[in-house]
Every structure is written in structure tokens, then in C-alpha cells.
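Novice: What follows is entry17.tsv, TSV, C-alpha atoms.
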```tsv
chain	number	residue	atom	x	y	z
A	259	MET	CA	23.14	-84.52	38.84
A	260	LYS	CA	24.00	-82.12	41.67
A	261	LYS	CA	20.68	-80.33	41.16
A	262	THR	CA	18.84	-83.67	41.38
A	263	ILE	CA	20.61	-84.56	44.63
A	264	PHE	CA	19.78	-81.14	46.09
A	265	ILE	CA	16.09	-81.59	45.23
A	266	ILE	CA	16.09	-85.05	46.83
A	267	VAL	CA	17.67	-83.73	50.03
A	268	VAL	CA	15.24	-80.80	50.25
A	269	PHE	CA	12.31	-83.17	49.67
A	270	ALA	CA	13.60	-85.51	52.40
A	271	LEU	CA	13.88	-82.62	54.83
A	272	LEU	CA	10.37	-81.46	54.04
A	273	VAL	CA	8.97	-84.98	54.43
A	274	PHE	CA	10.52	-85.29	57.85
A	275	LYS	CA	9.47	-81.84	58.97
A	276	ASN	CA	5.87	-82.30	57.92
A	277	HIS	CA	5.68	-85.91	59.04
A	278	ALA	CA	7.02	-85.95	62.58
A	279	GLN	CA	6.81	-82.49	64.11
A	280	THR	CA	3.43	-82.57	65.80
A	281	VAL	CA	1.86	-84.41	68.72
A	282	THR	CA	-1.83	-84.57	69.63
A	283	ASP	CA	-3.30	-84.69	73.13
A	284	ILE	CA	-6.43	-86.59	74.16
A	285	ASP	CA	-8.60	-83.48	73.59
A	286	GLY	CA	-7.42	-83.33	69.98
A	287	ASN	CA	-5.16	-80.29	70.46
A	288	VAL	CA	-2.24	-80.47	68.04
A	289	TYR	CA	1.16	-79.15	69.18
A	290	ASN	CA	4.20	-78.31	67.11
A	291	THR	CA	7.47	-79.70	68.43
A	292	VAL	CA	11.14	-78.75	68.24
A	293	THR	CA	14.38	-80.69	68.71
A	294	ILE	CA	16.95	-78.90	70.88
A	295	GLY	CA	20.14	-80.87	71.44
A	296	THR	CA	19.12	-84.40	72.40
A	297	GLN	CA	15.61	-83.42	73.53
A	298	VAL	CA	12.31	-82.97	71.72
A	299	TRP	CA	10.00	-80.36	73.29
A	300	MET	CA	6.54	-79.02	72.58
A	301	LYS	CA	6.71	-75.53	71.11
A	302	GLU	CA	3.47	-74.58	72.87
A	303	ASN	CA	2.09	-74.64	76.41
A	304	LEU	CA	-0.19	-77.53	77.24
A	305	LYS	CA	-3.96	-76.98	76.79
A	306	VAL	CA	-5.41	-80.37	77.70
A	307	THR	CA	-8.42	-80.75	80.04
A	308	LYS	CA	-8.26	-84.55	80.45
A	309	TYR	CA	-5.69	-87.11	81.48
A	310	CYS	CA	-4.54	-89.79	79.03
A	311	ASN	CA	-7.09	-92.18	80.58
A	312	SER	CA	-9.87	-89.70	79.65
A	313	ASN	CA	-10.53	-88.65	83.27
A	314	VAL	CA	-11.39	-84.96	83.42
A	315	ILE	CA	-8.99	-82.59	85.19
A	316	GLY	CA	-10.99	-80.57	87.67
A	317	THR	CA	-11.50	-76.84	87.63
A	318	THR	CA	-13.49	-74.37	89.74
A	319	THR	CA	-16.75	-72.79	88.62
A	320	THR	CA	-15.45	-69.54	90.11
A	321	PRO	CA	-11.97	-69.05	88.56
A	322	ALA	CA	-10.72	-66.95	91.49
A	323	LEU	CA	-11.91	-69.39	94.19
A	324	ASP	CA	-9.53	-69.75	97.14
A	325	ILE	CA	-8.23	-73.36	97.27
A	326	SER	CA	-5.51	-72.78	99.88
A	327	SER	CA	-7.29	-75.03	102.41
A	328	GLU	CA	-7.50	-78.00	100.03
A	329	SER	CA	-4.92	-80.74	100.58
A	330	THR	CA	-4.14	-82.12	97.08
A	331	PRO	CA	-6.18	-80.11	94.55
A	332	LYS	CA	-5.90	-81.33	90.95
A	333	TYR	CA	-7.08	-78.37	88.91
A	334	GLN	CA	-6.58	-76.54	85.60
A	335	TRP	CA	-7.73	-73.08	84.51
A	336	ALA	CA	-7.66	-70.72	81.59
A	337	TYR	CA	-5.97	-67.52	82.77
A	338	SER	CA	-8.60	-65.48	84.66
A	339	GLY	CA	-11.16	-68.07	83.58
A	340	ASP	CA	-11.09	-66.61	80.05
A	341	GLU	CA	-11.02	-69.43	77.49
A	342	ASN	CA	-9.82	-66.96	74.86
A	343	ASN	CA	-6.41	-67.06	76.56
A	344	VAL	CA	-5.97	-70.80	76.01
A	345	ALA	CA	-5.16	-70.80	72.29
A	346	THR	CA	-2.09	-68.63	72.86
A	347	TYR	CA	-0.97	-69.29	76.43
A	348	GLY	CA	-2.31	-72.75	77.20
A	349	ARG	CA	-3.75	-73.65	80.61
A	350	LEU	CA	-2.45	-73.32	84.16
A	351	TYR	CA	-2.18	-76.49	86.28
A	352	THR	CA	-1.63	-77.18	89.95
A	353	TRP	CA	1.34	-79.46	90.64
A	354	TYR	CA	-0.97	-82.20	91.89
A	355	ALA	CA	-2.52	-82.29	88.43
A	356	ILE	CA	0.81	-82.65	86.64
A	357	SER	CA	1.81	-85.64	88.76
A	358	ASP	CA	-0.64	-87.82	86.78
A	359	SER	CA	-0.56	-88.79	83.08
A	360	LEU	CA	-1.05	-85.24	81.87
A	361	CYS	CA	1.09	-85.24	78.72
A	362	PRO	CA	0.34	-87.30	75.59
A	363	VAL	CA	1.58	-90.89	75.44
A	364	SER	CA	5.40	-91.04	75.04
A	365	TRP	CA	5.67	-87.51	76.49
A	366	HIS	CA	6.08	-86.32	80.09
A	367	VAL	CA	6.45	-83.27	82.32
A	368	PRO	CA	10.22	-82.57	82.50
A	369	SER	CA	12.21	-82.90	85.70
A	370	VAL	CA	14.53	-80.16	86.95
A	371	ALA	CA	17.41	-82.23	85.56
A	372	GLU	CA	15.81	-82.22	82.10
A	373	TRP	CA	15.32	-78.46	82.24
A	374	THR	CA	19.02	-78.21	83.20
A	375	THR	CA	19.97	-80.36	80.20
A	376	LEU	CA	18.14	-77.82	78.03
A	377	THR	CA	19.71	-74.71	79.58
A	378	ASP	CA	23.21	-76.24	79.68
A	379	TYR	CA	22.98	-77.01	75.97
A	380	LEU	CA	22.11	-73.34	75.36
A	381	GLY	CA	25.08	-72.03	77.32
A	382	GLY	CA	23.68	-71.80	80.84
A	383	GLU	CA	20.68	-70.35	82.64
A	384	THR	CA	21.83	-66.73	82.43
A	385	ILE	CA	21.44	-66.61	78.63
A	386	ALA	CA	19.13	-69.52	77.84
A	387	GLY	CA	15.93	-67.55	78.43
A	388	GLY	CA	16.68	-65.17	75.58
A	389	LYS	CA	17.20	-68.11	73.22
A	390	LEU	CA	13.90	-69.67	74.33
A	391	LYS	CA	11.54	-66.67	74.44
A	392	GLU	CA	9.29	-65.67	71.56
A	393	THR	CA	10.58	-62.47	69.98
A	394	GLY	CA	8.78	-59.15	69.89
A	395	ILE	CA	6.22	-57.58	72.21
A	396	VAL	CA	2.96	-58.98	70.84
A	397	HIS	CA	2.72	-61.40	73.76
A	398	TRP	CA	5.68	-60.39	75.96
A	399	SER	CA	5.72	-56.97	77.60
A	400	SER	CA	8.34	-54.49	76.43
A	401	PRO	CA	11.32	-54.66	76.27
A	402	ASN	CA	11.36	-58.50	76.17
A	403	THR	CA	15.07	-58.36	76.93
A	404	GLY	CA	17.39	-60.48	74.82
A	405	ALA	CA	14.65	-62.53	73.12
A	406	THR	CA	15.89	-64.24	69.94
A	407	ASN	CA	13.90	-67.51	69.95
A	408	GLU	CA	16.81	-69.00	67.98
A	409	THR	CA	15.84	-72.43	69.34
A	410	GLY	CA	12.24	-72.27	68.11
A	411	PHE	CA	11.02	-73.09	71.63
A	412	THR	CA	8.75	-69.99	71.59
A	413	ALA	CA	8.35	-69.54	75.34
A	414	LEU	CA	5.27	-67.44	76.17
A	415	PRO	CA	4.33	-65.53	79.34
A	416	GLY	CA	1.24	-67.43	80.51
A	417	GLY	CA	1.33	-65.97	84.02
A	418	GLN	CA	0.30	-67.93	87.11
A	419	ARG	CA	-2.50	-68.52	89.57
A	420	TYR	CA	-1.91	-68.36	93.32
A	421	ASP	CA	-3.76	-70.80	95.54
A	422	TYR	CA	-5.82	-67.99	97.07
A	423	GLY	CA	-7.30	-67.29	93.62
A	424	ALA	CA	-5.34	-64.39	92.12
A	425	PHE	CA	-4.19	-64.59	88.50
A	426	LEU	CA	-1.03	-62.57	87.87
A	427	SER	CA	1.73	-61.76	85.38
A	428	ILE	CA	0.33	-62.78	81.99
A	429	GLY	CA	2.49	-61.04	79.40
A	430	VAL	CA	5.18	-60.43	82.02
A	431	ASN	CA	6.36	-63.82	83.27
A	432	GLY	CA	6.11	-67.41	82.18
A	433	GLY	CA	6.34	-70.17	84.79
A	434	TRP	CA	6.55	-73.89	84.03
A	435	TRP	CA	6.24	-76.75	86.49
A	436	SER	CA	8.84	-79.49	86.68
A	437	SER	CA	8.00	-82.97	87.90
A	438	THR	CA	10.56	-82.61	90.72
A	439	ASN	CA	9.06	-82.66	94.19
A	440	ASN	CA	10.32	-80.63	97.15
A	441	GLY	CA	8.64	-82.24	100.09
A	442	THR	CA	5.05	-82.27	101.30
A	443	SER	CA	3.75	-78.93	100.09
A	444	SER	CA	6.09	-77.50	97.43
A	445	ALA	CA	7.74	-78.39	94.12
A	446	PHE	CA	10.20	-76.88	91.65
A	447	GLY	CA	9.71	-75.13	88.35
A	448	LYS	CA	11.39	-72.73	85.91
A	449	SER	CA	10.45	-69.18	84.93
A	450	MET	CA	11.33	-66.52	82.35
A	451	SER	CA	10.63	-62.80	82.36
A	452	TYR	CA	10.15	-59.92	79.93
A	453	SER	CA	12.99	-58.03	81.64
A	454	TYR	CA	15.92	-60.50	81.61
A	455	THR	CA	17.50	-63.35	79.64
A	456	ASP	CA	17.74	-65.86	82.50
A	457	VAL	CA	15.90	-69.09	83.10
A	458	VAL	CA	15.26	-68.94	86.84
A	459	GLY	CA	14.40	-71.83	89.12
A	460	PHE	CA	11.55	-71.41	91.58
A	461	ASN	CA	10.07	-73.32	94.49
A	462	SER	CA	6.30	-72.90	94.83
A	463	VAL	CA	3.41	-74.35	96.78
A	464	LYS	CA	1.82	-77.21	94.86
A	465	ARG	CA	-1.61	-75.56	95.00
A	466	SER	CA	-0.39	-72.73	92.77
A	467	ALA	CA	-0.91	-73.13	89.04
A	468	TYR	CA	1.64	-72.68	86.25
A	469	SER	CA	2.06	-73.58	82.61
A	470	VAL	CA	3.36	-76.96	81.43
A	471	ARG	CA	5.65	-77.86	78.54
A	472	CYS	CA	5.98	-81.56	77.76
A	473	VAL	CA	9.20	-83.24	76.61
A	474	ARG	CA	9.39	-86.44	74.60
A	475	ASP	CA	10.38	-89.69	76.31
A	476	ALA	CA	14.01	-90.58	75.59
A	477	ALA	CA	13.05	-94.01	74.24
A	478	ALA	CA	10.75	-92.43	71.67
A	479	GLN	CA	13.03	-89.92	69.98
A	480	ILE	CA	11.65	-91.13	66.67
A	481	ASN	CA	8.33	-92.95	66.68
A	482	GLU	CA	7.23	-92.82	63.08
A	483	ILE	CA	3.79	-93.86	61.81
A	484	TYR	CA	4.06	-94.00	58.04
A	485	ASN	CA	1.59	-95.99	55.96
A	486	LYS	CA	0.37	-97.37	59.31
A	487	ILE	CA	3.73	-99.07	60.03
A	488	GLU	CA	5.15	-98.08	63.42
A	489	ILE	CA	8.92	-97.67	63.55
A	490	VAL	CA	10.97	-96.79	66.63
A	491	PHE	CA	14.69	-96.06	66.87
A	492	TYR	CA	16.17	-95.91	70.36
A	493	PRO	CA	18.26	-94.15	71.36
A	494	ASN	CA	18.21	-91.38	68.81
A	495	PRO	CA	20.48	-89.39	68.78
A	496	PHE	CA	23.17	-92.07	69.31
A	497	SER	CA	26.91	-92.59	68.91
A	498	ASN	CA	27.62	-95.94	67.27
A	499	SER	CA	24.72	-98.21	68.11
A	500	THR	CA	20.95	-97.96	68.07
A	501	THR	CA	18.04	-100.39	68.00
A	502	ILE	CA	15.25	-100.41	65.44
A	503	GLU	CA	11.90	-101.91	66.39
A	504	ILE	CA	8.96	-102.35	64.00
A	505	SER	CA	5.70	-103.01	65.84
A	506	ASP	CA	3.48	-104.24	63.04
A	507	SER	CA	2.43	-107.84	62.31
A	508	ARG	CA	2.39	-107.20	58.55
A	509	PHE	CA	6.13	-106.54	58.45
A	510	THR	CA	8.28	-109.69	58.39
A	511	LYS	CA	11.46	-108.57	56.67
A	512	GLY	CA	12.72	-105.84	54.39
A	513	ASP	CA	15.57	-103.46	53.65
A	514	LEU	CA	17.01	-100.48	55.51
A	515	ALA	CA	18.90	-97.74	53.67
A	516	ILE	CA	20.58	-94.74	55.34
A	517	TYR	CA	21.51	-91.59	53.40
A	518	ASP	CA	23.70	-88.60	54.23
A	519	MET	CA	22.72	-84.97	53.71
A	520	LEU	CA	23.80	-85.15	50.05
A	521	GLY	CA	21.46	-88.03	49.35
A	522	ARG	CA	24.24	-90.63	49.14
A	523	ALA	CA	23.55	-94.12	50.49
A	524	VAL	CA	26.02	-94.70	53.34
A	525	HIS	CA	24.56	-97.88	54.85
A	526	GLN	CA	22.27	-100.65	53.66
A	527	GLN	CA	21.21	-103.90	55.30
A	528	LEU	CA	18.54	-106.56	55.34
A	529	LEU	CA	16.06	-106.45	58.22
A	530	SER	CA	15.20	-110.06	58.93
A	531	SER	CA	13.27	-109.46	62.15
A	532	LYS	CA	11.13	-106.79	63.81
A	533	ARG	CA	13.85	-105.79	66.28
A	534	GLU	CA	17.50	-105.41	65.34
A	535	THR	CA	20.52	-103.57	66.69
A	536	LEU	CA	22.40	-101.39	64.22
A	537	ASN	CA	26.13	-100.85	64.62
A	538	LEU	CA	27.12	-97.92	62.42
A	539	ASN	CA	30.59	-96.51	61.89
A	540	LEU	CA	29.54	-93.14	60.53
A	541	PRO	CA	30.70	-89.57	61.29
A	542	ALA	CA	28.56	-87.40	63.54
A	543	GLY	CA	25.76	-85.66	61.71
A	544	VAL	CA	22.19	-85.81	60.41
A	545	TYR	CA	21.11	-88.79	58.29
A	546	PHE	CA	17.89	-90.03	56.74
A	547	TYR	CA	16.59	-93.57	56.71
A	548	LYS	CA	14.22	-95.41	54.38
A	549	ILE	CA	12.66	-98.82	55.08
A	550	SER	CA	11.14	-101.01	52.38
A	551	ASN	CA	9.15	-104.21	52.77
A	552	GLU	CA	9.53	-107.44	50.79
A	553	LYS	CA	7.50	-105.91	47.95
A	554	LYS	CA	9.99	-103.02	47.78
A	555	GLU	CA	7.28	-100.62	49.01
A	556	ILE	CA	8.53	-97.79	51.21
A	557	VAL	CA	6.89	-98.29	54.62
A	558	GLY	CA	8.86	-95.79	56.70
A	559	ASN	CA	11.30	-92.91	56.52
A	560	GLY	CA	12.68	-90.30	58.90
A	561	LYS	CA	15.74	-88.73	60.45
A	562	LEU	CA	18.62	-90.16	62.48
A	563	MET	CA	21.16	-88.12	64.44
A	564	ILE	CA	24.65	-89.44	65.19
A	565	GLN	CA	26.62	-87.67	67.91
```
Kindly return the structure encoded in the file as C-alpha cells.
Specialist:
Amino acid sequence: MKKTIFIIVVFALLVFKNHAQTVTDIDGNVYNTVTIGTQVWMKENLKVTKYCNSNVIGTTTTPALDISSESTPKYQWAYSGDENNVATYGRLYTWYAISDSLCPVSWHVPSVAEWTTLTDYLGGETIAGGKLKETGIVHWSSPNTGATNETGFTALPGGQRYDYGAFLSIGVNGGWWSSTNNGTSSAFGKSMSYSYTDVVGFNSVKRSAYSVRCVRDAAAQINEIYNKIEIVFYPNPFSNSTTIEISDSRFTKGDLAIYDMLGRAVHQQLLSSKRETLNLNLPAGVYFYKISNEKKEIVGNGKLMIQ
């Protein structure tokens, strides 16, 4: 019996991992994701060349062209104009480009406050960089100080592009824009280096270009598509209460079952509408849910986190 429960739990974990850990941009690039604390982040730098409305993000035919005289340039580049760099390091974007719908739907460019939520969860900026950086010296220059990548974030040193056209620091530094403005000509971002464990804030001119990591919208912590039935829990993680919403005309009512890590059913209820609030008196931890329709067919499953 114990062996059966263990197999069920492992299977549930694998289903969730394989089912909900990627996001696809409008170009068709697929990104792995990772949950760190209450946030879900892309594990890779953004590579997209179009906005969510399909409008193309500009670039320059000469990668090193000086754009310092342009007022609000919305550009993206492969580092040094070499498309071979994109698969590993993603693209570099001016801040004016990231102010539009750059990330996939239900994702966004993080604010400084959201970066701070990440680093605070990891123990503060002075040590967070080590926990976020990819290990080894395949992509980071030696010695890649303190890199453990224990979070799975896999930060990579994509370098930067100055507005006068110079590309610098690939393999040495990674810089990521935030969505937080700092007046007319500059904005804030975060950086990491091969030589220290810190996550360092920077203030740069908006015409410079840096990498982008997208973070998932708080209201879409789980947005499952399973057998073409869309299921959203918000918030997730939560303390005692969360709301489930099923956005599919074929679903009228069904059953919700919640299981603990040992595969034991800890909560069951009838879903008589497409939107219901759940009040759960359960200990903090990781749980799994299963939703069945009137025909007792499983139409959705996934993970819930109670704080």
C-alpha cells in the first residue's frame, strides 16, 4: 500500500512538472520556468523579436550603430549582432522596448520591488546572486564566485549594449531591466557578476540594452490547460482562501479533490459553478488538486501551495 501511494505521488509530481513548467512567446520560443518563493520566473533570458500584438521590435542593420541621439528607441539585438548568441543568452533590449507588451500573456517585466521580493526570499542581495547564477565556467568567466544555482534560476551573463553601439561583458556580467522608471532618460535594473555573489541594482540610460527575465502575473500562479479546459486558481500560493475559475463553456459542474503529498484526499467538494471561493483549513505545504466533470472524467490537475 505504501509503495502504491509513493508511486502515485511521484506520478503526480511528474505530471505537474511536465505539464506546467513552460511558457511560449509569440515567436514560438519555449521557456522553462521555476517557482521561487511566491513567484514564478522564466529560467532563461527572453529571445522574442515581436510584441504580443505581433508588431516587430526594431533592430539596426548595423549592430554597433550609435543610437544615442534617438529619443525613444525601441530596439533589440543579438549580442554583437551574432544570432548564434541568442539560444544561450537571449536578446538585449532597450528600456523603451520593454515598456510595451514584451513578455508572453500573463507574464511581465518585473519591477524593482519584485526583484527585491526575490532577493529577500533568498536571504538578501549580498548572497542572492550566488543562488541564482548558473554554476561552472562554461558560460560565466572564472571563478564564477559563489555560484550554486540552488534556485534553478540559471542566471547567465548576456552582457549589455551601450547606446553608442558597443557590446560589452558577455560571459562576465549579466544585466536585467526592471520595469521601474527613474525619470525622463534612465531606469533601474539588476546585475550579477562572475566575481561576486551579490545582486546589484543599477541605474542606466534607457537607450542602453540589457537582458530581460519575465515573471508570471500574480493572478495567474496556476493557469492550467488540460484536455482544453482552462483552470485558474488565484491567489496561489495562499493562506486559507483561494478562488477557482474555470473558463470553459463545456464545464457546468463537477467535483474537486485535493490530496496531500502522501496521496491522501484531504478535501473534496462539489463545484456547482465556474467560479467558486475555497475556504480550506489545511496546514501549510504542497498539495495536488484533481477536477472531474459530470461524467467523472478528469479535466484538470495541478499543484496548490498553502502558506
Novice: So which one's closest to A:Arg508, A:Glu552, A:Glu408, A:Asp285, A:Asp475? Using all atoms listed in the file, please.
Specialist: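 Distance minimum relative to A:Arg508 lands on A:Glu552.
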Novice: If we draw a sphere of 9 Å around (10.1, -72.1, 82.4), which residues have at least one atom in it when counting all atoms listed in the file? Please report them as a short mmCIF file (atom, residue, chain, number, x, y, z; two decimals) with C-alpha atoms, in the frame of the given file.
Specialist:
```cif
data_model
loop_
_atom_site.label_atom_id
_atom_site.label_comp_id
_atom_site.auth_asym_id
_atom_site.auth_seq_id
_atom_site.Cartn_x
_atom_site.Cartn_y
_atom_site.Cartn_z
CA TRP A 373 15.32 -78.46 82.24
CA GLY A 387 15.93 -67.55 78.43
CA ALA A 413 8.35 -69.54 75.34
CA GLY A 432 6.11 -67.41 82.18
CA GLY A 433 6.34 -70.17 84.79
CA TRP A 434 6.55 -73.89 84.03
CA TRP A 435 6.24 -76.75 86.49
CA SER A 436 8.84 -79.49 86.68
CA GLY A 447 9.71 -75.13 88.35
CA LYS A 448 11.39 -72.73 85.91
CA SER A 449 10.45 -69.18 84.93
CA MET A 450 11.33 -66.52 82.35
CA VAL A 457 15.90 -69.09 83.10
CA VAL A 458 15.26 -68.94 86.84
CA GLY A 459 14.40 -71.83 89.12
CA SER A 469 2.06 -73.58 82.61
CA VAL A 470 3.36 -76.96 81.43
CA ARG A 471 5.65 -77.86 78.54
#
```
Novice: Determine the nearest neighbour of A:Asp456 from the options A:Val396, A:Leu380, A:Ala424, A:Cys472, counting all atoms listed in the file.
Specialist: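 So, comparing all the options, the nearest one is A:Leu380.
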Novice: May I ask which of the residues A:Val292, A:Leu562, A:Ala371, A:Val557 is the closest one to A:Asn407, counting all atoms listed in the file?
Specialist: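 Comparing A:Val292, A:Leu562, A:Ala371, A:Val557 against A:Asn407, the winner is A:Val292.
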Novice: Provide the atom CA of A:Asn439 to atom CA of A:Ile315 distance in Å, to one decimal place.
Specialist: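 Taking atom CA of A:Asn439 and atom CA of A:Ile315, their separation equals 20.2 Å.
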Novice: What separation in Å, quoted to one decimal, exists between atom CA of A:Ala336 and atom CA of A:Asn311?
Specialist: 21.5 Å
Novice: Quick check, in Å to one decimal: how far apart do atom CA of A:Leu514 and atom CA of A:Pro541 lie?
Specialist: 18.4 Å
Novice: Given all atoms listed in the file as the basis, pick out the residue of A:Asn290, A:Thr317, A:Ser444, A:Ser326 nearest to A:Leu304.
Specialist: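 Ranked by minimum distance to A:Leu304, first place goes to A:Asn290.
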Novice: Taking every listed atom of stretch 434-438 of chain A and adding 8 Å to each side, what centre and edge lengths in Å (one decimal) does the axis-aligned box have, as JSON?
Specialist:
```
{"center_x": 8.4, "center_y": -78.4, "center_z": 87.4, "size_x": 20.3, "size_y": 25.1, "size_z": 22.7}
```
Novice: Between A:Leu323, A:Met519, A:Tyr337, A:Glu503, single out the one closest to A:Gly558, counting only C-alpha atoms.
Specialist: A:Glu503
Novice: Have stretch 339-356 of chain A completed to N, CA and C atoms, please, and pass it along as an mmCIF file, in the frame of the given file.
Specialist:
```
data_model
loop_
_atom_site.group_PDB
_atom_site.id
_atom_site.type_symbol
_atom_site.label_atom_id
_atom_site.label_comp_id
_atom_site.auth_asym_id
_atom_site.auth_seq_id
_atom_site.Cartn_x
_atom_site.Cartn_y
_atom_site.Cartn_z
ATOM 1 N N GLY A 339 -9.923 -67.405 83.979
ATOM 2 C CA GLY A 339 -11.160 -68.070 83.580
ATOM 3 C C GLY A 339 -11.612 -67.724 82.175
ATOM 4 N N ASP A 340 -10.752 -67.043 81.403
ATOM 5 C CA ASP A 340 -11.090 -66.610 80.050
ATOM 6 C C ASP A 340 -10.547 -67.626 79.044
ATOM 7 N N GLU A 341 -11.436 -68.395 78.433
ATOM 8 C CA GLU A 341 -11.020 -69.430 77.490
ATOM 9 C C GLU A 341 -10.326 -68.857 76.261
ATOM 10 N N ASN A 342 -10.500 -67.581 75.991
ATOM 11 C CA ASN A 342 -9.820 -66.960 74.860
ATOM 12 C C ASN A 342 -8.305 -66.933 75.039
ATOM 13 N N ASN A 343 -7.850 -67.067 76.296
ATOM 14 C CA ASN A 343 -6.410 -67.060 76.560
ATOM 15 C C ASN A 343 -5.747 -68.396 76.237
ATOM 16 N N VAL A 344 -6.538 -69.450 76.119
ATOM 17 C CA VAL A 344 -5.970 -70.800 76.010
ATOM 18 C C VAL A 344 -5.231 -71.019 74.710
ATOM 19 N N ALA A 345 -5.771 -70.547 73.598
ATOM 20 C CA ALA A 345 -5.160 -70.800 72.290
ATOM 21 C C ALA A 345 -3.714 -70.318 72.248
ATOM 22 N N THR A 346 -3.438 -69.187 72.876
ATOM 23 C CA THR A 346 -2.090 -68.630 72.860
ATOM 24 C C THR A 346 -1.245 -69.131 74.016
ATOM 25 N N TYR A 347 -1.790 -69.070 75.236
ATOM 26 C CA TYR A 347 -0.970 -69.290 76.430
ATOM 27 C C TYR A 347 -1.140 -70.664 77.061
ATOM 28 N N GLY A 348 -2.067 -71.468 76.560
ATOM 29 C CA GLY A 348 -2.310 -72.750 77.200
ATOM 30 C C GLY A 348 -3.059 -72.591 78.503
ATOM 31 N N ARG A 349 -3.068 -73.658 79.315
ATOM 32 C CA ARG A 349 -3.750 -73.650 80.610
ATOM 33 C C ARG A 349 -2.749 -73.639 81.761
ATOM 34 N N LEU A 350 -3.246 -73.315 82.939
ATOM 35 C CA LEU A 350 -2.450 -73.320 84.160
ATOM 36 C C LEU A 350 -2.883 -74.510 85.013
ATOM 37 N N TYR A 351 -1.908 -75.255 85.543
ATOM 38 C CA TYR A 351 -2.180 -76.490 86.280
ATOM 39 C C TYR A 351 -1.548 -76.452 87.658
ATOM 40 N N THR A 352 -2.271 -76.972 88.660
ATOM 41 C CA THR A 352 -1.630 -77.180 89.950
ATOM 42 C C THR A 352 -0.644 -78.344 89.827
ATOM 43 N N TRP A 353 0.336 -78.396 90.733
ATOM 44 C CA TRP A 353 1.340 -79.460 90.640
ATOM 45 C C TRP A 353 0.718 -80.837 90.861
ATOM 46 N N TYR A 354 -0.318 -80.901 91.664
ATOM 47 C CA TYR A 354 -0.970 -82.200 91.890
ATOM 48 C C TYR A 354 -1.573 -82.735 90.601
ATOM 49 N N ALA A 355 -1.977 -81.854 89.715
ATOM 50 C CA ALA A 355 -2.520 -82.290 88.430
ATOM 51 C C ALA A 355 -1.428 -82.826 87.515
ATOM 52 N N ILE A 356 -0.237 -82.225 87.564
ATOM 53 C CA ILE A 356 0.810 -82.650 86.640
ATOM 54 C C ILE A 356 1.484 -83.939 87.093
#
```
